[in-house]
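**Q** One file is attached below, model.cif, containing mmCIF, N, CA and C atoms.
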```
data_start
loop_
_atom_site.label_atom_id
_atom_site.label_comp_id
_atom_site.auth_asym_id
_atom_site.auth_seq_id
_atom_site.Cartn_x
_atom_site.Cartn_y
_atom_site.Cartn_z
N MET A 112 64.96 92.47 107.54
CA MET A 112 66.22 91.77 107.50
C MET A 112 67.36 92.78 107.45
N ALA A 113 68.36 92.59 108.27
CA ALA A 113 69.51 93.48 108.32
C ALA A 113 70.72 92.82 107.66
N ILE A 114 71.66 93.66 107.24
CA ILE A 114 72.89 93.11 106.68
C ILE A 114 73.68 92.43 107.79
N GLN A 115 74.50 91.49 107.40
CA GLN A 115 75.39 90.83 108.33
C GLN A 115 76.81 91.23 107.96
N VAL A 116 77.63 91.51 108.99
CA VAL A 116 79.03 91.86 108.75
C VAL A 116 79.90 90.98 109.64
N GLU A 117 80.87 90.34 109.03
CA GLU A 117 81.85 89.56 109.76
C GLU A 117 83.20 90.24 109.62
N LYS A 118 83.97 90.23 110.70
CA LYS A 118 85.32 90.82 110.68
C LYS A 118 86.29 89.81 111.25
N ASP A 119 87.37 89.55 110.52
CA ASP A 119 88.43 88.69 111.04
C ASP A 119 89.28 89.50 112.01
N GLU A 120 90.01 88.80 112.84
CA GLU A 120 90.93 89.46 113.77
C GLU A 120 92.01 90.20 112.97
N PHE A 121 92.44 91.33 113.50
CA PHE A 121 93.48 92.13 112.84
C PHE A 121 94.78 91.34 112.77
N ASP A 122 95.42 91.40 111.63
CA ASP A 122 96.73 90.78 111.42
C ASP A 122 97.69 91.88 111.00
N LEU A 123 98.85 91.94 111.60
CA LEU A 123 99.80 93.02 111.35
C LEU A 123 100.18 93.14 109.88
N HIS A 124 100.28 92.03 109.17
CA HIS A 124 100.68 92.07 107.76
C HIS A 124 99.49 92.11 106.81
N ASP A 125 98.41 91.43 107.17
CA ASP A 125 97.25 91.33 106.29
C ASP A 125 96.15 92.34 106.60
N GLY A 126 96.24 93.01 107.74
CA GLY A 126 95.24 94.02 108.09
C GLY A 126 93.90 93.41 108.48
N PHE A 127 92.81 94.02 108.03
CA PHE A 127 91.46 93.59 108.34
C PHE A 127 90.80 92.96 107.12
N HIS A 128 90.00 91.94 107.35
CA HIS A 128 89.13 91.35 106.33
C HIS A 128 87.71 91.43 106.86
N TYR A 129 86.83 91.95 106.01
CA TYR A 129 85.41 92.05 106.36
C TYR A 129 84.61 91.29 105.31
N TYR A 130 83.46 90.79 105.73
CA TYR A 130 82.51 90.25 104.76
C TYR A 130 81.15 90.85 105.06
N VAL A 131 80.59 91.52 104.06
CA VAL A 131 79.27 92.14 104.18
C VAL A 131 78.30 91.28 103.38
N SER A 132 77.28 90.76 104.05
CA SER A 132 76.31 89.88 103.40
C SER A 132 75.02 90.65 103.12
N PHE A 133 74.59 90.61 101.86
CA PHE A 133 73.32 91.23 101.46
C PHE A 133 72.21 90.19 101.38
N LYS A 134 72.58 88.93 101.26
CA LYS A 134 71.61 87.84 101.15
C LYS A 134 71.48 87.18 102.51
N PRO A 135 70.28 86.89 102.96
CA PRO A 135 70.12 86.20 104.25
C PRO A 135 70.84 84.85 104.24
N ASN A 136 71.55 84.57 105.32
CA ASN A 136 72.23 83.30 105.55
C ASN A 136 73.33 82.98 104.55
N VAL A 137 73.86 83.99 103.87
CA VAL A 137 74.93 83.72 102.89
C VAL A 137 76.23 83.32 103.59
N LEU A 138 76.40 83.70 104.85
CA LEU A 138 77.63 83.36 105.55
C LEU A 138 77.77 81.84 105.71
N GLU A 139 76.67 81.10 105.70
CA GLU A 139 76.74 79.65 105.79
C GLU A 139 76.82 79.00 104.41
N ASP A 140 76.36 79.68 103.39
CA ASP A 140 76.33 79.12 102.04
C ASP A 140 77.62 79.44 101.30
N ASP A 141 77.90 78.67 100.28
CA ASP A 141 79.05 78.93 99.42
C ASP A 141 78.57 78.94 97.98
N ASP A 142 77.67 79.87 97.65
CA ASP A 142 77.07 79.85 96.33
C ASP A 142 77.55 80.99 95.43
N ALA A 143 78.64 81.65 95.79
CA ALA A 143 79.16 82.71 94.94
C ALA A 143 79.74 82.10 93.67
N TYR A 144 79.45 82.72 92.56
CA TYR A 144 79.88 82.22 91.26
C TYR A 144 81.00 83.08 90.69
N ASN A 145 80.88 84.37 90.88
CA ASN A 145 81.83 85.30 90.29
C ASN A 145 82.24 86.33 91.32
N ARG A 146 83.47 86.78 91.25
CA ARG A 146 83.97 87.84 92.13
C ARG A 146 84.33 89.03 91.26
N VAL A 147 83.77 90.19 91.59
CA VAL A 147 83.97 91.41 90.80
C VAL A 147 84.74 92.41 91.66
N PRO A 148 85.95 92.81 91.23
CA PRO A 148 86.72 93.76 92.04
C PRO A 148 86.13 95.17 91.98
N VAL A 149 86.12 95.84 93.13
CA VAL A 149 85.67 97.22 93.22
C VAL A 149 86.53 97.94 94.25
N GLU A 150 86.69 99.24 94.06
CA GLU A 150 87.35 100.06 95.06
C GLU A 150 86.27 100.61 95.98
N VAL A 151 86.49 100.49 97.27
CA VAL A 151 85.49 100.94 98.24
C VAL A 151 86.08 101.99 99.15
N ALA A 152 85.21 102.85 99.64
CA ALA A 152 85.57 103.77 100.72
C ALA A 152 84.83 103.25 101.94
N ILE A 153 85.58 103.04 103.02
CA ILE A 153 84.96 102.53 104.24
C ILE A 153 85.20 103.51 105.37
N SER A 154 84.26 103.54 106.27
CA SER A 154 84.39 104.30 107.50
C SER A 154 84.52 103.27 108.61
N VAL A 155 85.56 103.40 109.42
CA VAL A 155 85.82 102.43 110.47
C VAL A 155 85.81 103.09 111.84
N CYS A 156 85.42 102.31 112.83
CA CYS A 156 85.43 102.76 114.22
C CYS A 156 86.85 102.62 114.78
N GLU A 157 87.08 103.14 115.97
CA GLU A 157 88.39 103.04 116.62
C GLU A 157 88.87 101.61 116.75
N ASN A 158 87.96 100.69 116.99
CA ASN A 158 88.34 99.29 117.18
C ASN A 158 88.43 98.51 115.85
N GLY A 159 88.22 99.18 114.74
CA GLY A 159 88.32 98.54 113.43
C GLY A 159 87.01 98.02 112.90
N ASP A 160 85.91 98.17 113.66
CA ASP A 160 84.61 97.73 113.15
C ASP A 160 84.19 98.59 111.97
N LEU A 161 83.49 97.98 111.06
CA LEU A 161 83.01 98.65 109.85
C LEU A 161 81.76 99.46 110.18
N ALA A 162 81.77 100.77 109.86
CA ALA A 162 80.61 101.63 110.13
C ALA A 162 79.83 101.93 108.85
N ASP A 163 80.51 102.30 107.78
CA ASP A 163 79.88 102.66 106.52
C ASP A 163 80.73 102.13 105.36
N VAL A 164 80.06 101.88 104.24
CA VAL A 164 80.74 101.42 103.03
C VAL A 164 80.09 102.13 101.84
N THR A 165 80.89 102.57 100.90
CA THR A 165 80.36 103.09 99.64
C THR A 165 81.27 102.61 98.51
N PHE A 166 80.64 102.32 97.37
CA PHE A 166 81.40 101.87 96.21
C PHE A 166 80.57 102.12 94.95
N GLU A 167 81.26 102.17 93.83
CA GLU A 167 80.59 102.34 92.54
C GLU A 167 80.40 100.98 91.90
N LEU A 168 79.16 100.72 91.50
CA LEU A 168 78.87 99.45 90.84
C LEU A 168 79.41 99.46 89.42
N PRO A 169 80.03 98.36 88.98
CA PRO A 169 80.39 98.25 87.57
C PRO A 169 79.12 98.31 86.72
N LYS A 170 79.23 98.76 85.49
CA LYS A 170 78.06 98.95 84.63
C LYS A 170 77.21 97.70 84.50
N TYR A 171 77.83 96.55 84.37
CA TYR A 171 77.05 95.32 84.17
C TYR A 171 76.37 94.82 85.45
N CYS A 172 76.57 95.51 86.58
CA CYS A 172 75.90 95.15 87.84
C CYS A 172 74.85 96.19 88.25
N ARG A 173 74.45 97.04 87.33
CA ARG A 173 73.52 98.12 87.67
C ARG A 173 72.08 97.82 87.28
N ASP A 174 71.70 96.57 87.25
CA ASP A 174 70.32 96.25 86.92
C ASP A 174 69.58 95.73 88.15
N THR A 175 68.27 95.63 88.02
CA THR A 175 67.45 95.22 89.17
C THR A 175 67.75 93.79 89.60
N LYS A 176 68.16 92.94 88.67
CA LYS A 176 68.49 91.56 89.03
C LYS A 176 69.71 91.54 89.95
N ALA A 177 70.75 92.29 89.61
CA ALA A 177 71.96 92.32 90.43
C ALA A 177 71.69 92.89 91.82
N LEU A 178 70.78 93.83 91.90
CA LEU A 178 70.48 94.51 93.17
C LEU A 178 69.34 93.87 93.95
N ALA A 179 68.90 92.69 93.54
CA ALA A 179 67.72 92.04 94.13
C ALA A 179 67.81 91.90 95.65
N TYR A 180 68.94 91.50 96.18
CA TYR A 180 69.06 91.33 97.63
C TYR A 180 69.22 92.66 98.35
N MET A 181 69.85 93.62 97.71
CA MET A 181 70.11 94.91 98.36
C MET A 181 68.88 95.80 98.46
N GLU A 182 67.98 95.71 97.49
CA GLU A 182 66.87 96.65 97.42
C GLU A 182 65.91 96.55 98.60
N HIS A 183 65.92 95.45 99.33
CA HIS A 183 65.01 95.27 100.46
C HIS A 183 65.65 95.61 101.80
N LEU A 184 66.89 96.06 101.80
CA LEU A 184 67.60 96.34 103.04
C LEU A 184 67.57 97.83 103.37
N GLU A 185 67.16 98.15 104.58
CA GLU A 185 67.10 99.56 105.01
C GLU A 185 68.47 100.21 105.03
N GLU A 186 69.51 99.43 105.34
CA GLU A 186 70.86 99.97 105.48
C GLU A 186 71.52 100.29 104.14
N VAL A 187 70.93 99.85 103.05
CA VAL A 187 71.54 100.00 101.73
C VAL A 187 70.73 100.98 100.89
N LYS A 188 71.43 101.96 100.32
CA LYS A 188 70.81 102.91 99.38
C LYS A 188 71.61 102.86 98.08
N TYR A 189 70.87 102.86 96.98
CA TYR A 189 71.51 102.88 95.67
C TYR A 189 71.14 104.17 94.96
N VAL A 190 72.15 104.98 94.69
CA VAL A 190 72.00 106.21 93.93
C VAL A 190 72.97 106.06 92.75
N LYS A 191 72.40 105.72 91.61
CA LYS A 191 73.19 105.36 90.44
C LYS A 191 74.36 106.30 90.24
N PRO A 192 75.56 105.80 90.16
CA PRO A 192 76.04 104.43 90.11
C PRO A 192 76.59 103.91 91.45
N ARG A 193 76.35 104.63 92.56
CA ARG A 193 76.97 104.28 93.84
C ARG A 193 76.02 103.56 94.78
N VAL A 194 76.60 102.69 95.59
CA VAL A 194 75.89 102.00 96.66
C VAL A 194 76.42 102.53 97.98
N PHE A 195 75.51 102.83 98.90
CA PHE A 195 75.86 103.32 100.22
C PHE A 195 75.31 102.35 101.26
N VAL A 196 76.17 101.86 102.14
CA VAL A 196 75.76 100.94 103.20
C VAL A 196 76.09 101.60 104.53
N VAL A 197 75.08 101.74 105.38
CA VAL A 197 75.26 102.37 106.69
C VAL A 197 74.87 101.36 107.76
N ARG A 198 75.72 101.17 108.75
CA ARG A 198 75.41 100.27 109.85
C ARG A 198 74.89 101.09 111.03
N PRO A 199 73.63 100.95 111.36
CA PRO A 199 73.06 101.69 112.48
C PRO A 199 73.81 101.39 113.78
N GLY A 200 74.04 102.42 114.56
CA GLY A 200 74.71 102.25 115.84
C GLY A 200 76.23 102.27 115.76
N CYS A 201 76.79 102.36 114.57
CA CYS A 201 78.24 102.42 114.40
C CYS A 201 78.63 103.80 113.89
N ASN A 202 79.55 104.43 114.56
CA ASN A 202 80.04 105.74 114.13
C ASN A 202 81.50 105.60 113.70
N GLY A 203 81.76 105.95 112.46
CA GLY A 203 83.12 105.84 111.95
C GLY A 203 84.00 106.98 112.41
N ASP A 204 85.25 106.65 112.69
CA ASP A 204 86.24 107.65 113.11
C ASP A 204 87.19 108.02 111.99
N ALA A 205 87.27 107.21 110.96
CA ALA A 205 88.16 107.47 109.83
C ALA A 205 87.54 106.91 108.56
N VAL A 206 87.79 107.59 107.45
CA VAL A 206 87.34 107.12 106.14
C VAL A 206 88.59 106.79 105.33
N VAL A 207 88.63 105.56 104.81
CA VAL A 207 89.80 105.10 104.08
C VAL A 207 89.38 104.34 102.83
N ARG A 208 90.31 104.18 101.92
CA ARG A 208 90.06 103.37 100.72
C ARG A 208 90.48 101.94 101.00
N ALA A 209 89.77 101.01 100.38
CA ALA A 209 90.08 99.60 100.55
C ALA A 209 89.75 98.85 99.27
N LEU A 210 90.23 97.62 99.19
CA LEU A 210 89.92 96.76 98.05
C LEU A 210 88.72 95.90 98.40
N GLY A 211 87.82 95.78 97.44
CA GLY A 211 86.64 94.95 97.67
C GLY A 211 86.39 94.03 96.50
N HIS A 212 85.63 92.98 96.77
CA HIS A 212 85.19 92.05 95.73
C HIS A 212 83.72 91.75 95.97
N LEU A 213 82.91 92.10 94.98
CA LEU A 213 81.50 91.73 95.04
C LEU A 213 81.39 90.26 94.69
N GLU A 214 80.57 89.54 95.44
CA GLU A 214 80.32 88.14 95.13
C GLU A 214 78.95 88.03 94.49
N VAL A 215 78.91 87.43 93.31
CA VAL A 215 77.71 87.35 92.49
C VAL A 215 77.35 85.88 92.30
N ASP A 216 76.05 85.55 92.47
CA ASP A 216 75.62 84.16 92.32
C ASP A 216 75.38 83.83 90.84
N LEU A 217 74.97 82.60 90.58
CA LEU A 217 74.76 82.14 89.20
C LEU A 217 73.69 82.92 88.45
N LEU A 218 72.74 83.53 89.17
CA LEU A 218 71.68 84.30 88.53
C LEU A 218 72.05 85.77 88.34
N GLY A 219 73.28 86.14 88.73
CA GLY A 219 73.73 87.52 88.55
C GLY A 219 73.37 88.46 89.68
N ARG A 220 72.95 87.92 90.83
CA ARG A 220 72.58 88.73 91.98
C ARG A 220 73.78 88.90 92.90
N ILE A 221 73.99 90.12 93.39
CA ILE A 221 75.08 90.39 94.33
C ILE A 221 74.66 89.84 95.69
N VAL A 222 75.41 88.87 96.21
CA VAL A 222 75.06 88.25 97.49
C VAL A 222 75.86 88.83 98.65
N GLY A 223 77.04 89.38 98.36
CA GLY A 223 77.88 89.92 99.42
C GLY A 223 79.11 90.60 98.87
N MET A 224 79.92 91.10 99.80
CA MET A 224 81.16 91.76 99.40
C MET A 224 82.24 91.46 100.43
N GLU A 225 83.39 91.08 99.93
CA GLU A 225 84.56 90.91 100.77
C GLU A 225 85.39 92.18 100.69
N ILE A 226 85.86 92.67 101.83
CA ILE A 226 86.66 93.89 101.86
C ILE A 226 87.98 93.59 102.57
N HIS A 227 89.06 94.05 102.01
CA HIS A 227 90.39 93.88 102.58
C HIS A 227 91.03 95.24 102.77
N TRP A 228 91.39 95.55 104.01
CA TRP A 228 92.00 96.85 104.32
C TRP A 228 93.24 96.65 105.18
N VAL A 229 94.37 97.15 104.68
CA VAL A 229 95.62 97.11 105.43
C VAL A 229 95.92 98.56 105.82
N PRO A 230 95.76 98.90 107.11
CA PRO A 230 95.92 100.31 107.54
C PRO A 230 97.26 100.93 107.15
N THR A 231 98.34 100.16 107.13
CA THR A 231 99.65 100.72 106.82
C THR A 231 99.82 101.03 105.34
N GLN A 232 98.95 100.51 104.48
CA GLN A 232 99.04 100.75 103.04
C GLN A 232 97.96 101.67 102.52
N SER A 233 97.09 102.14 103.40
CA SER A 233 95.92 102.88 102.96
C SER A 233 96.13 104.39 103.09
N ALA A 234 95.67 105.10 102.09
CA ALA A 234 95.64 106.56 102.16
C ALA A 234 94.24 107.00 102.53
N THR A 235 94.13 108.09 103.25
CA THR A 235 92.82 108.59 103.62
C THR A 235 92.05 109.01 102.39
N ALA A 236 90.78 108.64 102.31
CA ALA A 236 89.95 108.96 101.15
C ALA A 236 89.52 110.41 101.18
#
```
Taking this structure as input, can you express it in the form of structure tokens?
**A**
Amino acid sequence: MAIQVEKDEFDLHDGFHYYVSFKPNVLEDDDAYNRVPVEVAISVCENGDLADVTFELPKYCRDTKALAYMEHLEEVKYVKPRVFVVRPGCNGDAVVRALGHLEVDLLGRIVGMEIHWVPTQSATA
């Protein structure tokens, strides 16, 4: 099973919105219970596609239950306390900081992450 990434069309004021799904078929479900803010470093392609993502997990999300969906994905590596997500076939041209929100279900498992990046407000990481 591979991760799923959705990208909204670029908006001049709102920038890019991405959704990275760690749980199969989460894009159709609406079962997120909690949103946890995180700062992410993303690598983007020339066209704005997401190539790589890295972020530090909050302490209360560093258990095997929270990582249940991620641990089976080849594209995801966890090296305490950081998570690294690599999209095969995508080569990033720039690394930038962005705002992210981990979506956690009722059982405390991370199901996905929403990322918001406005190129005009971002400093290079």
**Q** When the PyMOL selection byres ((chain A and resi 203) around 6) is applied to the structure above, which residues does it catch, written out as a PyMOL selection string?
**A** chain A and resi 154-156+162+201-202+204-205
**Q** Using the chain letters and numbers from this file, what does the PyMOL selection byres ((chain A and resi 194) around 8) select? Give the answer as a JSON list (two decimals) with N, CA and C atoms, keeping the file's coordinate frame.
**A**
```
[["chain", "number", "residue", "atom", "x", "y", "z"],
["A", 164, "VAL", "N", 80.06, 101.88, 104.24],
["A", 164, "VAL", "CA", 80.74, 101.42, 103.03],
["A", 164, "VAL", "C", 80.09, 102.13, 101.84],
["A", 165, "THR", "N", 80.89, 102.57, 100.90],
["A", 165, "THR", "CA", 80.36, 103.09, 99.64],
["A", 165, "THR", "C", 81.27, 102.61, 98.51],
["A", 166, "PHE", "N", 80.64, 102.32, 97.37],
["A", 166, "PHE", "CA", 81.40, 101.87, 96.21],
["A", 166, "PHE", "C", 80.57, 102.12, 94.95],
["A", 167, "GLU", "N", 81.26, 102.17, 93.83],
["A", 167, "GLU", "CA", 80.59, 102.34, 92.54],
["A", 167, "GLU", "C", 80.40, 100.98, 91.90],
["A", 168, "LEU", "N", 79.16, 100.72, 91.50],
["A", 168, "LEU", "CA", 78.87, 99.45, 90.84],
["A", 168, "LEU", "C", 79.41, 99.46, 89.42],
["A", 187, "VAL", "N", 70.93, 99.85, 103.05],
["A", 187, "VAL", "CA", 71.54, 100.00, 101.73],
["A", 187, "VAL", "C", 70.73, 100.98, 100.89],
["A", 188, "LYS", "N", 71.43, 101.96, 100.32],
["A", 188, "LYS", "CA", 70.81, 102.91, 99.38],
["A", 188, "LYS", "C", 71.61, 102.86, 98.08],
["A", 189, "TYR", "N", 70.87, 102.86, 96.98],
["A", 189, "TYR", "CA", 71.51, 102.88, 95.67],
["A", 189, "TYR", "C", 71.14, 104.17, 94.96],
["A", 190, "VAL", "N", 72.15, 104.98, 94.69],
["A", 190, "VAL", "CA", 72.00, 106.21, 93.93],
["A", 190, "VAL", "C", 72.97, 106.06, 92.75],
["A", 191, "LYS", "N", 72.40, 105.72, 91.61],
["A", 191, "LYS", "CA", 73.19, 105.36, 90.44],
["A", 191, "LYS", "C", 74.36, 106.30, 90.24],
["A", 192, "PRO", "N", 75.56, 105.80, 90.16],
["A", 192, "PRO", "CA", 76.04, 104.43, 90.11],
["A", 192, "PRO", "C", 76.59, 103.91, 91.45],
["A", 193, "ARG", "N", 76.35, 104.63, 92.56],
["A", 193, "ARG", "CA", 76.97, 104.28, 93.84],
["A", 193, "ARG", "C", 76.02, 103.56, 94.78],
["A", 195, "PHE", "N", 75.51, 102.83, 98.90],
["A", 195, "PHE", "CA", 75.86, 103.32, 100.22],
["A", 195, "PHE", "C", 75.31, 102.35, 101.26],
["A", 196, "VAL", "N", 76.17, 101.86, 102.14],
["A", 196, "VAL", "CA", 75.76, 100.94, 103.20],
["A", 196, "VAL", "C", 76.09, 101.60, 104.53],
["A", 197, "VAL", "N", 75.08, 101.74, 105.38],
["A", 197, "VAL", "CA", 75.26, 102.37, 106.69],
["A", 197, "VAL", "C", 74.87, 101.36, 107.76]]
```
**Q** Which one is closest to A:Val222: A:Tyr129, A:Tyr180, A:Lys170, A:Gly159? Count all atoms listed in the file.
**A**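 Between A:Tyr129, A:Tyr180, A:Lys170, A:Gly159, the residue approaching A:Val222 most closely is A:Tyr180.
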**Q** Determine the residue membership of the PyMOL selection byres ((chain A and resi 130) around 5) for the file above and supply it as a PyMOL selection string.
**A** chain A and resi 116-117+128-129+131-132+224-226
**Q** Suppose you want the space between atom C of A:Leu213 and atom C of A:His124; what is it in Å?
**A**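 The value is 21.9 Å.
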**Q** Atom N of A:Leu218 and atom C of A:Ala152, how far apart in Å?
**A**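 Going from atom C of A:Ala152 over to atom N of A:Leu218, I get 26.4 Å.
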**Q** How many Å lie between atom CA of A:Asn145 and atom CA of A:Trp228, rounded to one decimal?
**A**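 Answer for the atom CA of A:Asn145 to atom CA of A:Trp228 separation: 20.8 Å.
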**Q** Using all atoms listed in the file, pick whichever of A:Arg220, A:Leu210, A:Phe133, A:Arg198 has the shortest atom-to-atom distance to A:Leu161.
**A**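 Of the candidates, the smallest distance to A:Leu161 is held by A:Arg198.
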**Q** Would you return as a list in words the members of chain A that DSSP assigns to helix (DSSP H, G or I) on this structure's backbone?
**A**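 Across chain A, those assigned helix (DSSP H, G or I) are Lys170, Tyr171, Cys172, Met181, Glu182, His183, Pro230, Thr231 and Gln232 of chain A.
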**Q** Select, from A:His183, A:Lys176, A:Lys118, A:Arg146, the residue with the minimum atom-to-atom distance to A:Gly219, counting only N, CA and C atoms.
**A**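 Nearest to A:Gly219: A:Lys176.
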**Q** For each of A:Ile221, A:Val215, A:Val151, A:Val207, take the minimum atom-to-atom distance to A:Ala177, counting all atoms listed in the file, then give the residue where this is smallest.
**A**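 Closest candidate: A:Ile221.
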**Q** Could you write out, as a ChimeraX atom specification, all the residues of chain A that DSSP marks as strand (DSSP E or B)?
**A** /A:115-118,122,126-132,145-155,161-167,187-190,193-197,205-215,221-228,235
**Q** With only C-alpha atoms as the basis for distance, which of A:Val229, A:Val206, A:Asp160, A:Glu182 is at the shortest distance from A:Ala113?
**A**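 The shortest atom-to-atom distance to A:Ala113 comes from A:Glu182.
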**Q** Point out the residue among A:Asn158, A:Gly223, A:Tyr144, A:Pro199 with the least atom-to-atom distance to A:Phe121, counting only C-alpha atoms.
**A**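 Nearest candidate to A:Phe121 out of A:Asn158, A:Gly223, A:Tyr144, A:Pro199: A:Asn158.
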**Q** Assuming 6 Å of padding per side, give the centre and edge lengths of the axis-aligned box around every listed atom of stretch 175-178 of chain A, in Å to one decimal and as lines of an AutoDock Vina configuration file.
**A**
```
center_x = 69.7
center_y = 93.6
center_z = 91.0
size_x = 16.5
size_y = 16.1
size_z = 17.9
```
**Q** Only all heavy atoms, as a PDB file, in the first residue's frame: that is what I want for stretch 168-176 of chain A.
**A**
```
ATOM      1  N   LEU A 168       7.493  14.433  15.458  1.00  0.00           N
ATOM      2  CA  LEU A 168       6.260  14.034  16.142  1.00  0.00           C
ATOM      3  C   LEU A 168       6.215  14.626  17.540  1.00  0.00           C
ATOM      4  O   LEU A 168       7.215  14.608  18.257  1.00  0.00           O
ATOM      5  CB  LEU A 168       6.202  12.514  16.278  1.00  0.00           C
ATOM      6  CG  LEU A 168       5.736  11.724  15.075  1.00  0.00           C
ATOM      7  CD1 LEU A 168       5.826  10.234  15.376  1.00  0.00           C
ATOM      8  CD2 LEU A 168       4.335  12.089  14.668  1.00  0.00           C
ATOM      9  N   PRO A 169       5.058  15.132  17.953  1.00  0.00           N
ATOM     10  CA  PRO A 169       4.901  15.534  19.349  1.00  0.00           C
ATOM     11  C   PRO A 169       5.099  14.311  20.247  1.00  0.00           C
ATOM     12  O   PRO A 169       4.837  13.180  19.837  1.00  0.00           O
ATOM     13  CB  PRO A 169       3.456  16.038  19.413  1.00  0.00           C
ATOM     14  CG  PRO A 169       3.091  16.352  18.003  1.00  0.00           C
ATOM     15  CD  PRO A 169       3.876  15.412  17.155  1.00  0.00           C
ATOM     16  N   LYS A 170       5.536  14.521  21.469  1.00  0.00           N
ATOM     17  CA  LYS A 170       5.854  13.414  22.377  1.00  0.00           C
ATOM     18  C   LYS A 170       4.700  12.432  22.546  1.00  0.00           C
ATOM     19  O   LYS A 170       4.910  11.228  22.595  1.00  0.00           O
ATOM     20  CB  LYS A 170       6.294  13.946  23.740  1.00  0.00           C
ATOM     21  CG  LYS A 170       7.669  14.541  23.700  1.00  0.00           C
ATOM     22  CD  LYS A 170       8.125  14.961  25.077  1.00  0.00           C
ATOM     23  CE  LYS A 170       9.512  15.560  24.974  1.00  0.00           C
ATOM     24  NZ  LYS A 170      10.048  15.952  26.256  1.00  0.00           N
ATOM     25  N   TYR A 171       3.487  12.926  22.650  1.00  0.00           N
ATOM     26  CA  TYR A 171       2.355  12.031  22.884  1.00  0.00           C
ATOM     27  C   TYR A 171       1.933  11.254  21.632  1.00  0.00           C
ATOM     28  O   TYR A 171       1.038  10.427  21.692  1.00  0.00           O
ATOM     29  CB  TYR A 171       1.164  12.784  23.482  1.00  0.00           C
ATOM     30  CG  TYR A 171       0.688  13.963  22.663  1.00  0.00           C
ATOM     31  CD1 TYR A 171      -0.278  13.803  21.691  1.00  0.00           C
ATOM     32  CD2 TYR A 171       1.204  15.237  22.890  1.00  0.00           C
ATOM     33  CE1 TYR A 171      -0.731  14.874  20.953  1.00  0.00           C
ATOM     34  CE2 TYR A 171       0.762  16.309  22.159  1.00  0.00           C
ATOM     35  CZ  TYR A 171      -0.205  16.126  21.188  1.00  0.00           C
ATOM     36  OH  TYR A 171      -0.638  17.193  20.460  1.00  0.00           O
ATOM     37  N   CYS A 172       2.596  11.482  20.496  1.00  0.00           N
ATOM     38  CA  CYS A 172       2.309  10.733  19.264  1.00  0.00           C
ATOM     39  C   CYS A 172       3.453   9.782  18.894  1.00  0.00           C
ATOM     40  O   CYS A 172       3.511   9.280  17.776  1.00  0.00           O
ATOM     41  CB  CYS A 172       2.093  11.705  18.102  1.00  0.00           C
ATOM     42  SG  CYS A 172       0.586  12.666  18.205  1.00  0.00           S
ATOM     43  N   ARG A 173       4.342   9.515  19.820  1.00  0.00           N
ATOM     44  CA  ARG A 173       5.517   8.697  19.513  1.00  0.00           C
ATOM     45  C   ARG A 173       5.376   7.244  19.957  1.00  0.00           C
ATOM     46  O   ARG A 173       6.361   6.588  20.232  1.00  0.00           O
ATOM     47  CB  ARG A 173       6.763   9.309  20.167  1.00  0.00           C
ATOM     48  CG  ARG A 173       7.118  10.652  19.599  1.00  0.00           C
ATOM     49  CD  ARG A 173       8.341  11.235  20.249  1.00  0.00           C
ATOM     50  NE  ARG A 173       8.526  12.614  19.826  1.00  0.00           N
ATOM     51  CZ  ARG A 173       9.357  13.454  20.390  1.00  0.00           C
ATOM     52  NH1 ARG A 173      10.108  13.056  21.412  1.00  0.00           N
ATOM     53  NH2 ARG A 173       9.457  14.683  19.934  1.00  0.00           N
ATOM     54  N   ASP A 174       4.178   6.735  20.004  1.00  0.00           N
ATOM     55  CA  ASP A 174       4.005   5.339  20.390  1.00  0.00           C
ATOM     56  C   ASP A 174       3.571   4.503  19.194  1.00  0.00           C
ATOM     57  O   ASP A 174       3.234   5.032  18.138  1.00  0.00           O
ATOM     58  CB  ASP A 174       3.026   5.206  21.559  1.00  0.00           C
ATOM     59  CG  ASP A 174       1.641   5.743  21.234  1.00  0.00           C
ATOM     60  OD1 ASP A 174       1.323   5.944  20.051  1.00  0.00           O
ATOM     61  OD2 ASP A 174       0.861   5.951  22.173  1.00  0.00           O
ATOM     62  N   THR A 175       3.609   3.196  19.369  1.00  0.00           N
ATOM     63  CA  THR A 175       3.292   2.295  18.257  1.00  0.00           C
ATOM     64  C   THR A 175       1.838   2.421  17.821  1.00  0.00           C
ATOM     65  O   THR A 175       1.536   2.231  16.644  1.00  0.00           O
ATOM     66  CB  THR A 175       3.598   0.832  18.629  1.00  0.00           C
ATOM     67  OG1 THR A 175       2.915   0.500  19.827  1.00  0.00           O
ATOM     68  CG2 THR A 175       5.082   0.621  18.797  1.00  0.00           C
ATOM     69  N   LYS A 176       0.952   2.767  18.738  1.00  0.00           N
ATOM     70  CA  LYS A 176      -0.456   2.940  18.368  1.00  0.00           C
ATOM     71  C   LYS A 176      -0.611   4.109  17.400  1.00  0.00           C
ATOM     72  O   LYS A 176      -1.281   3.995  16.382  1.00  0.00           O
ATOM     73  CB  LYS A 176      -1.305   3.158  19.617  1.00  0.00           C
ATOM     74  CG  LYS A 176      -2.777   3.373  19.310  1.00  0.00           C
ATOM     75  CD  LYS A 176      -3.620   3.504  20.566  1.00  0.00           C
ATOM     76  CE  LYS A 176      -3.129   4.641  21.411  1.00  0.00           C
ATOM     77  NZ  LYS A 176      -3.956   4.952  22.560  1.00  0.00           N
TER      78      LYS A 176
END
```
